[in-house]
$ cat final.pdb   # PDB, C-alpha atoms
ATOM      1  CA  MET A   1       0.000   0.000   0.000
ATOM      2  CA  ILE A   2       2.808   2.426   0.870
ATOM      3  CA  ARG A   3       4.581   1.647  -2.415
ATOM      4  CA  ALA A   4       1.402   2.367  -4.372
ATOM      5  CA  ALA A   5       0.965   5.683  -2.564
ATOM      6  CA  CYS A   6       4.579   6.641  -3.322
ATOM      7  CA  VAL A   7       4.226   5.731  -6.998
ATOM      8  CA  PHE A   8       0.991   7.721  -7.205
ATOM      9  CA  ALA A   9       2.651  10.745  -5.541
ATOM     10  CA  LEU A  10       5.550  10.596  -8.004
ATOM     11  CA  LEU A  11       3.198  10.372 -10.972
ATOM     12  CA  VAL A  12       1.152  13.335  -9.752
ATOM     13  CA  ALA A  13       4.325  15.365  -9.164
ATOM     14  CA  ALA A  14       5.599  14.561 -12.673
ATOM     15  CA  PHE A  15       2.605  16.099 -14.493
ATOM     16  CA  PRO A  16       3.486  19.758 -13.762
ATOM     17  CA  ALA A  17       7.116  19.130 -14.711
ATOM     18  CA  ASP A  18       6.264  18.774 -18.406
ATOM     19  CA  ALA A  19       3.800  21.664 -18.482
ATOM     20  CA  CYS A  20       6.416  24.021 -19.933
ATOM     21  CA  SER A  21       6.394  22.851 -23.503
ATOM     22  CA  ARG A  22       5.774  24.324 -26.900
ATOM     23  CA  LYS A  23       4.968  22.697 -30.205
ATOM     24  CA  GLY A  24       8.247  22.476 -32.078
ATOM     25  CA  GLY A  25      10.244  23.067 -28.885
ATOM     26  CA  PRO A  26      11.744  26.289 -27.630
ATOM     27  CA  PRO A  27      13.193  28.785 -30.102
ATOM     28  CA  THR A  28      16.941  28.781 -30.601
ATOM     29  CA  LEU A  29      18.953  31.635 -29.120
ATOM     30  CA  ALA A  30      19.423  33.097 -32.614
ATOM     31  CA  GLU A  31      15.646  32.954 -33.243
ATOM     32  CA  SER A  32      14.930  34.641 -29.886
ATOM     33  CA  ILE A  33      17.458  37.377 -30.638
ATOM     34  CA  ALA A  34      16.030  37.989 -34.119
ATOM     35  CA  ALA A  35      12.463  38.151 -32.759
ATOM     36  CA  ALA A  36      13.202  40.464 -29.820
ATOM     37  CA  GLN A  37      12.523  44.173 -30.150
ATOM     38  CA  ASN A  38      14.830  44.962 -27.213
ATOM     39  CA  ILE A  39      17.718  43.016 -25.709
ATOM     40  CA  PHE A  40      19.446  44.394 -22.658
ATOM     41  CA  VAL A  41      21.315  43.597 -19.468
ATOM     42  CA  ALA A  42      19.533  44.853 -16.366
ATOM     43  CA  ARG A  43      19.460  44.445 -12.596
ATOM     44  CA  LEU A  44      16.081  43.594 -11.083
ATOM     45  CA  VAL A  45      15.463  46.170  -8.342
ATOM     46  CA  SER A  46      11.952  45.174  -7.213
ATOM     47  CA  ALA A  47       9.253  42.614  -7.846
ATOM     48  CA  LYS A  48       5.556  42.796  -7.102
ATOM     49  CA  GLU A  49       2.725  40.313  -7.428
ATOM     50  CA  LYS A  50      -0.114  41.480  -9.666
ATOM     51  CA  SER A  51      -2.995  39.905 -11.531
ATOM     52  CA  PHE A  52      -5.182  40.360 -14.609
ATOM     53  CA  ARG A  53      -8.383  38.828 -15.943
ATOM     54  CA  ALA A  54      -8.064  36.356 -18.796
ATOM     55  CA  ASP A  55     -10.857  34.128 -20.045
ATOM     56  CA  GLY A  56     -12.952  35.000 -16.999
ATOM     57  CA  GLU A  57     -10.254  33.930 -14.526
ATOM     58  CA  VAL A  58      -7.837  35.961 -12.441
ATOM     59  CA  GLU A  59      -4.268  35.159 -13.490
ATOM     60  CA  PRO A  60      -1.345  36.129 -11.228
ATOM     61  CA  TYR A  61       1.920  37.459 -12.609
ATOM     62  CA  VAL A  62       5.060  39.186 -11.342
ATOM     63  CA  GLU A  63       5.916  42.741 -12.317
ATOM     64  CA  GLY A  64       9.666  43.267 -12.076
ATOM     65  CA  ARG A  65      11.239  46.707 -12.126
ATOM     66  CA  TYR A  66      14.753  46.911 -13.477
ATOM     67  CA  ARG A  67      17.689  49.306 -13.803
ATOM     68  CA  LEU A  68      19.323  49.189 -17.230
ATOM     69  CA  LEU A  69      22.994  48.226 -17.218
ATOM     70  CA  GLU A  70      23.652  47.775 -20.948
ATOM     71  CA  THR A  71      21.679  47.946 -24.186
ATOM     72  CA  LEU A  72      22.418  45.206 -26.711
ATOM     73  CA  LYS A  73      19.552  45.810 -29.192
ATOM     74  CA  GLY A  74      16.736  48.335 -29.499
ATOM     75  CA  LEU A  75      15.911  51.196 -27.135
ATOM     76  CA  PRO A  76      14.867  49.838 -23.730
ATOM     77  CA  SER A  77      13.943  52.247 -20.938
ATOM     78  CA  ARG A  78      16.647  53.101 -18.399
ATOM     79  CA  LYS A  79      14.224  52.137 -15.664
ATOM     80  CA  GLY A  80      11.425  49.897 -16.792
ATOM     81  CA  VAL A  81       9.174  46.948 -16.152
ATOM     82  CA  VAL A  82       9.193  43.320 -17.264
ATOM     83  CA  HIS A  83       6.601  40.626 -16.564
ATOM     84  CA  ASP A  84       6.866  36.961 -15.646
ATOM     85  CA  LEU A  85       4.767  34.193 -14.176
ATOM     86  CA  PRO A  86       5.194  33.389 -10.484
ATOM     87  CA  LEU A  87       7.963  30.791 -10.276
ATOM     88  CA  GLY A  88       6.501  27.303 -10.171
ATOM     89  CA  PRO A  89       7.330  23.801 -11.357
ATOM     90  CA  GLY A  90       6.869  23.490 -15.093
ATOM     91  CA  ASN A  91       5.295  26.901 -15.733
ATOM     92  CA  CYS A  92       8.013  28.359 -18.027
ATOM     93  CA  SER A  93       8.805  31.162 -15.582
ATOM     94  CA  LEU A  94      12.219  32.812 -15.631
ATOM     95  CA  GLY A  95      12.010  33.306 -11.861
ATOM     96  CA  LEU A  96      12.631  36.992 -11.210
ATOM     97  CA  LEU A  97      14.894  37.539  -8.195
ATOM     98  CA  VAL A  98      15.573  41.032  -6.868
ATOM     99  CA  GLY A  99      19.279  41.898  -6.951
ATOM    100  CA  TRP A 100      20.034  39.562  -9.849
ATOM    101  CA  ASP A 101      21.204  40.652 -13.283
ATOM    102  CA  TYR A 102      19.434  39.320 -16.357
ATOM    103  CA  VAL A 103      19.633  39.429 -20.120
ATOM    104  CA  PHE A 104      16.080  40.415 -21.028
ATOM    105  CA  MET A 105      14.702  39.891 -24.527
ATOM    106  CA  THR A 106      11.401  41.721 -24.877
ATOM    107  CA  SER A 107       8.760  42.473 -27.469
ATOM    108  CA  PRO A 108       5.218  43.750 -26.970
ATOM    109  CA  ASP A 109       2.676  40.967 -26.442
ATOM    110  CA  LYS A 110       0.114  40.928 -29.275
ATOM    111  CA  GLU A 111      -2.788  40.212 -26.914
ATOM    112  CA  TYR A 112      -1.567  42.433 -24.047
ATOM    113  CA  PRO A 113       0.579  45.202 -25.658
ATOM    114  CA  ARG A 114       1.665  46.734 -22.332
ATOM    115  CA  MET A 115       3.181  43.467 -21.123
ATOM    116  CA  ARG A 116       6.865  42.619 -21.617
ATOM    117  CA  TRP A 117       7.002  38.879 -20.891
ATOM    118  CA  VAL A 118      10.460  37.515 -20.088
ATOM    119  CA  GLY A 119       9.651  33.866 -19.409
ATOM    120  CA  PHE A 120      11.475  30.842 -20.758
ATOM    121  CA  PHE A 121      10.336  31.188 -24.380
ATOM    122  CA  SER A 122      11.383  34.847 -24.687
ATOM    123  CA  GLY A 123      15.050  33.871 -24.735
ATOM    124  CA  SER A 124      15.729  35.870 -21.544
ATOM    125  CA  PHE A 125      18.058  34.330 -18.969
ATOM    126  CA  PRO A 126      19.584  35.141 -15.572
ATOM    127  CA  LEU A 127      23.198  36.162 -15.097
ATOM    128  CA  GLY A 128      23.030  35.885 -11.315
ATOM    129  CA  PRO A 129      23.753  38.070  -8.301
ATOM    130  CA  TYR A 130      26.848  39.983  -7.232
ATOM    131  CA  ARG A 131      28.085  40.820 -10.713
ATOM    132  CA  GLU A 132      30.682  43.584 -10.701
ATOM    133  CA  PRO A 133      31.306  46.099 -13.501
ATOM    134  CA  GLY A 134      34.199  44.998 -15.680
ATOM    135  CA  GLU A 135      33.821  41.281 -14.941
ATOM    136  CA  ALA A 136      34.183  38.921 -17.871
ATOM    137  CA  ASP A 137      30.924  38.024 -19.614
ATOM    138  CA  GLU A 138      29.293  34.710 -18.888
ATOM    139  CA  LYS A 139      29.359  32.210 -21.765
ATOM    140  CA  GLU A 140      25.678  32.807 -22.600
ATOM    141  CA  LEU A 141      26.140  36.582 -22.783
ATOM    142  CA  GLN A 142      29.195  36.155 -25.017
ATOM    143  CA  GLU A 143      27.060  34.007 -27.324
ATOM    144  CA  VAL A 144      24.340  36.701 -27.472
ATOM    145  CA  ARG A 145      26.949  39.314 -28.417
ATOM    146  CA  GLU A 146      28.376  37.053 -31.150
ATOM    147  CA  ILE A 147      24.943  36.346 -32.651
ATOM    148  CA  LEU A 148      23.998  40.046 -32.610
ATOM    149  CA  LYS A 149      27.284  40.887 -34.325
ATOM    150  CA  SER A 150      26.798  38.234 -37.020
ATOM    151  CA  GLN A 151      23.175  39.328 -37.594
ATOM    152  CA  SER A 152      24.204  42.974 -37.991
ATOM    153  CA  GLU A 153      27.013  41.990 -40.383
ATOM    154  CA  ALA A 154      24.545  39.963 -42.452
ATOM    155  CA  GLU A 155      22.173  42.958 -42.657
ATOM    156  CA  SER A 156      24.825  45.485 -43.738
ATOM    157  CA  PRO A 157      25.737  45.663 -47.452
TER     158      PRO A 157
END
$ encode --input "final.pdb" --output "structure tokens"
Amino acid sequence: MIRAACVFALLVAAFPADACSRKGGPPTLAESIAAAQNIFVARLVSAKEKSFRADGEVEPYVEGRYRLLETLKGLPSRKGVVHDLPLGPGNCSLGLLVGWDYVFMTSPDKEYPRMRWVGFFSGSFPLGPYREPGEADEKELQEVREILKSQSEAESP
């Protein structure tokens, strides 16, 4: 009986783990970069729980305020807002943590134009806490810079 209960608990716990999926899989980094209107490095300075109505239900989300550290593409605000889902198993959330630096890739949402979603499928990713000016770039940030450079070279005559 105990074994059956444990197996059942593991099966139930596994269902949310695969909830973060997308037909065709996640976009590549190059696809995310090409699709993003703005790409920038920023420090998250505050986070606040909010909610909106969608399909008759109240949906929670996190509004994160950031301080711009570096612009990589587009014209992001020096101090602005990004949006994410509350961090949970399998929900595709980036997991916004105050004091951490991130590479945010944003574009207006077609359905909610004021929202700047930075979840898993946006291409955004964390760089972590305690980053100092002048430190060497993390591997992922180096890759973003290389892709942006190759895309701009391909666009110029």
$ atom_distance --input "final.pdb" --atom1 "atom CA of A:Ser93" --atom2 "atom CA of A:Glu135"
27.0 Å
$ resolve_selection --input "final.pdb" --expression "the PyMOL selection byres ((chain A and resi 29) around 9)" --output "MDAnalysis selection string"
chainID A and resid 27:28 30:34 123 143:144 147
$ resolve_selection --input "final.pdb" --expression "the PyMOL selection byres ((chain A and resi 86) around 6)" --output "list in words"
Tyr61, Val62, Leu85 and Leu87 of chain A
$ resolve_selection --input "final.pdb" --expression "the PyMOL selection byres ((chain A and resi 70-84) around 7)" --output "ChimeraX atom specification"
/A:37-42,61-69,85-86,93-94,115-119
$ atom_distance --input "final.pdb" --atom1 "atom CA of A:Phe125" --atom2 "atom CA of A:Glu140"
8.6 Å
$ atom_distance --input "final.pdb" --atom1 "atom CA of A:Val103" --atom2 "atom CA of A:Arg145"
11.1 Å
$ closest_residue --input "final.pdb" --among "A:Ser51, A:Ala136, A:Gln142, A:Leu44" --to "A:Phe104" --atoms "all atoms listed in the file"
A:Leu44
$ closest_residue --input "final.pdb" --among "A:Asp101, A:Glu111, A:Glu146, A:Glu155" --to "A:Tyr130" --atoms "only C-alpha atoms"
A:Asp101
$ closest_residue --input "final.pdb" --among "A:Lys139, A:Ala35, A:Cys92, A:Leu97" --to "A:Phe121" --atoms "only C-alpha atoms"
A:Cys92
$ axis_aligned_box --input "final.pdb" --around "stretch 87-96 of chain A" --padding-each-side "3 Å" --output "lines of an AutoDock Vina configuration file"
center_x = 9.0
center_y = 30.2
center_z = -14.1
size_x = 13.3
size_y = 19.5
size_z = 13.9
$ closest_residue --input "final.pdb" --among "A:Leu141, A:Lys50, A:Phe120, A:Gly90" --to "A:Thr106" --atoms "all atoms listed in the file"
A:Phe120
$ build_atoms --input "final.pdb" --residues "stretch 88-99 of chain A" --atoms "all heavy atoms" --output "mmCIF file, in the coordinates of the input"
data_model
loop_
_atom_site.group_PDB
_atom_site.id
_atom_site.type_symbol
_atom_site.label_atom_id
_atom_site.label_comp_id
_atom_site.auth_asym_id
_atom_site.auth_seq_id
_atom_site.Cartn_x
_atom_site.Cartn_y
_atom_site.Cartn_z
ATOM 1 N N GLY A 88 7.154 28.541 -10.569
ATOM 2 C CA GLY A 88 6.501 27.303 -10.171
ATOM 3 C C GLY A 88 6.989 26.167 -11.037
ATOM 4 O O GLY A 88 7.497 26.388 -12.132
ATOM 5 N N PRO A 89 6.844 24.944 -10.579
ATOM 6 C CA PRO A 89 7.330 23.801 -11.357
ATOM 7 C C PRO A 89 6.623 23.681 -12.699
ATOM 8 O O PRO A 89 5.401 23.636 -12.753
ATOM 9 C CB PRO A 89 7.031 22.587 -10.469
ATOM 10 C CG PRO A 89 6.211 23.077 -9.337
ATOM 11 C CD PRO A 89 6.195 24.560 -9.352
ATOM 12 N N GLY A 90 7.403 23.728 -13.765
ATOM 13 C CA GLY A 90 6.869 23.490 -15.093
ATOM 14 C C GLY A 90 6.079 24.618 -15.715
ATOM 15 O O GLY A 90 5.410 24.416 -16.710
ATOM 16 N N ASN A 91 6.143 25.850 -15.172
ATOM 17 C CA ASN A 91 5.295 26.901 -15.733
ATOM 18 C C ASN A 91 6.026 27.858 -16.671
ATOM 19 O O ASN A 91 5.501 28.895 -17.031
ATOM 20 C CB ASN A 91 4.586 27.681 -14.628
ATOM 21 C CG ASN A 91 5.493 28.615 -13.864
ATOM 22 O OD1 ASN A 91 6.715 28.577 -14.014
ATOM 23 N ND2 ASN A 91 4.915 29.451 -13.036
ATOM 24 N N CYS A 92 7.239 27.556 -17.065
ATOM 25 C CA CYS A 92 8.013 28.359 -18.027
ATOM 26 C C CYS A 92 8.446 29.717 -17.487
ATOM 27 O O CYS A 92 8.800 30.603 -18.251
ATOM 28 C CB CYS A 92 7.241 28.558 -19.328
ATOM 29 S SG CYS A 92 6.799 27.038 -20.158
ATOM 30 N N SER A 93 8.401 29.898 -16.183
ATOM 31 C CA SER A 93 8.805 31.162 -15.582
ATOM 32 C C SER A 93 10.317 31.296 -15.584
ATOM 33 O O SER A 93 11.050 30.322 -15.426
ATOM 34 C CB SER A 93 8.292 31.217 -14.138
ATOM 35 O OG SER A 93 8.833 32.321 -13.463
ATOM 36 N N LEU A 94 10.795 32.523 -15.749
ATOM 37 C CA LEU A 94 12.219 32.812 -15.631
ATOM 38 C C LEU A 94 12.627 32.812 -14.159
ATOM 39 O O LEU A 94 13.728 32.416 -13.818
ATOM 40 C CB LEU A 94 12.520 34.173 -16.268
ATOM 41 C CG LEU A 94 13.963 34.626 -16.333
ATOM 42 C CD1 LEU A 94 14.828 33.637 -17.087
ATOM 43 C CD2 LEU A 94 14.042 35.989 -16.997
ATOM 44 N N GLY A 95 11.713 33.243 -13.291
ATOM 45 C CA GLY A 95 12.010 33.306 -11.861
ATOM 46 C C GLY A 95 12.742 34.589 -11.526
ATOM 47 O O GLY A 95 13.963 34.595 -11.386
ATOM 48 N N LEU A 96 12.019 35.690 -11.454
ATOM 49 C CA LEU A 96 12.631 36.992 -11.210
ATOM 50 C C LEU A 96 13.062 37.128 -9.749
ATOM 51 O O LEU A 96 12.237 37.014 -8.848
ATOM 52 C CB LEU A 96 11.649 38.112 -11.577
ATOM 53 C CG LEU A 96 11.262 38.174 -13.050
ATOM 54 C CD1 LEU A 96 10.233 39.275 -13.280
ATOM 55 C CD2 LEU A 96 12.482 38.390 -13.925
ATOM 56 N N LEU A 97 14.343 37.380 -9.526
ATOM 57 C CA LEU A 97 14.894 37.539 -8.195
ATOM 58 C C LEU A 97 15.518 38.922 -8.065
ATOM 59 O O LEU A 97 16.404 39.293 -8.856
ATOM 60 C CB LEU A 97 15.945 36.465 -7.919
ATOM 61 C CG LEU A 97 15.438 35.022 -7.960
ATOM 62 C CD1 LEU A 97 16.600 34.043 -7.899
ATOM 63 C CD2 LEU A 97 14.467 34.770 -6.821
ATOM 64 N N VAL A 98 15.070 39.676 -7.096
ATOM 65 C CA VAL A 98 15.573 41.032 -6.868
ATOM 66 C C VAL A 98 17.068 40.961 -6.547
ATOM 67 O O VAL A 98 17.516 40.100 -5.792
ATOM 68 C CB VAL A 98 14.796 41.721 -5.723
ATOM 69 C CG1 VAL A 98 15.399 43.063 -5.390
ATOM 70 C CG2 VAL A 98 13.329 41.866 -6.107
ATOM 71 N N GLY A 99 17.836 41.863 -7.150
ATOM 72 C CA GLY A 99 19.279 41.898 -6.951
ATOM 73 C C GLY A 99 20.053 41.108 -7.988
ATOM 74 O O GLY A 99 21.273 41.200 -8.054
#
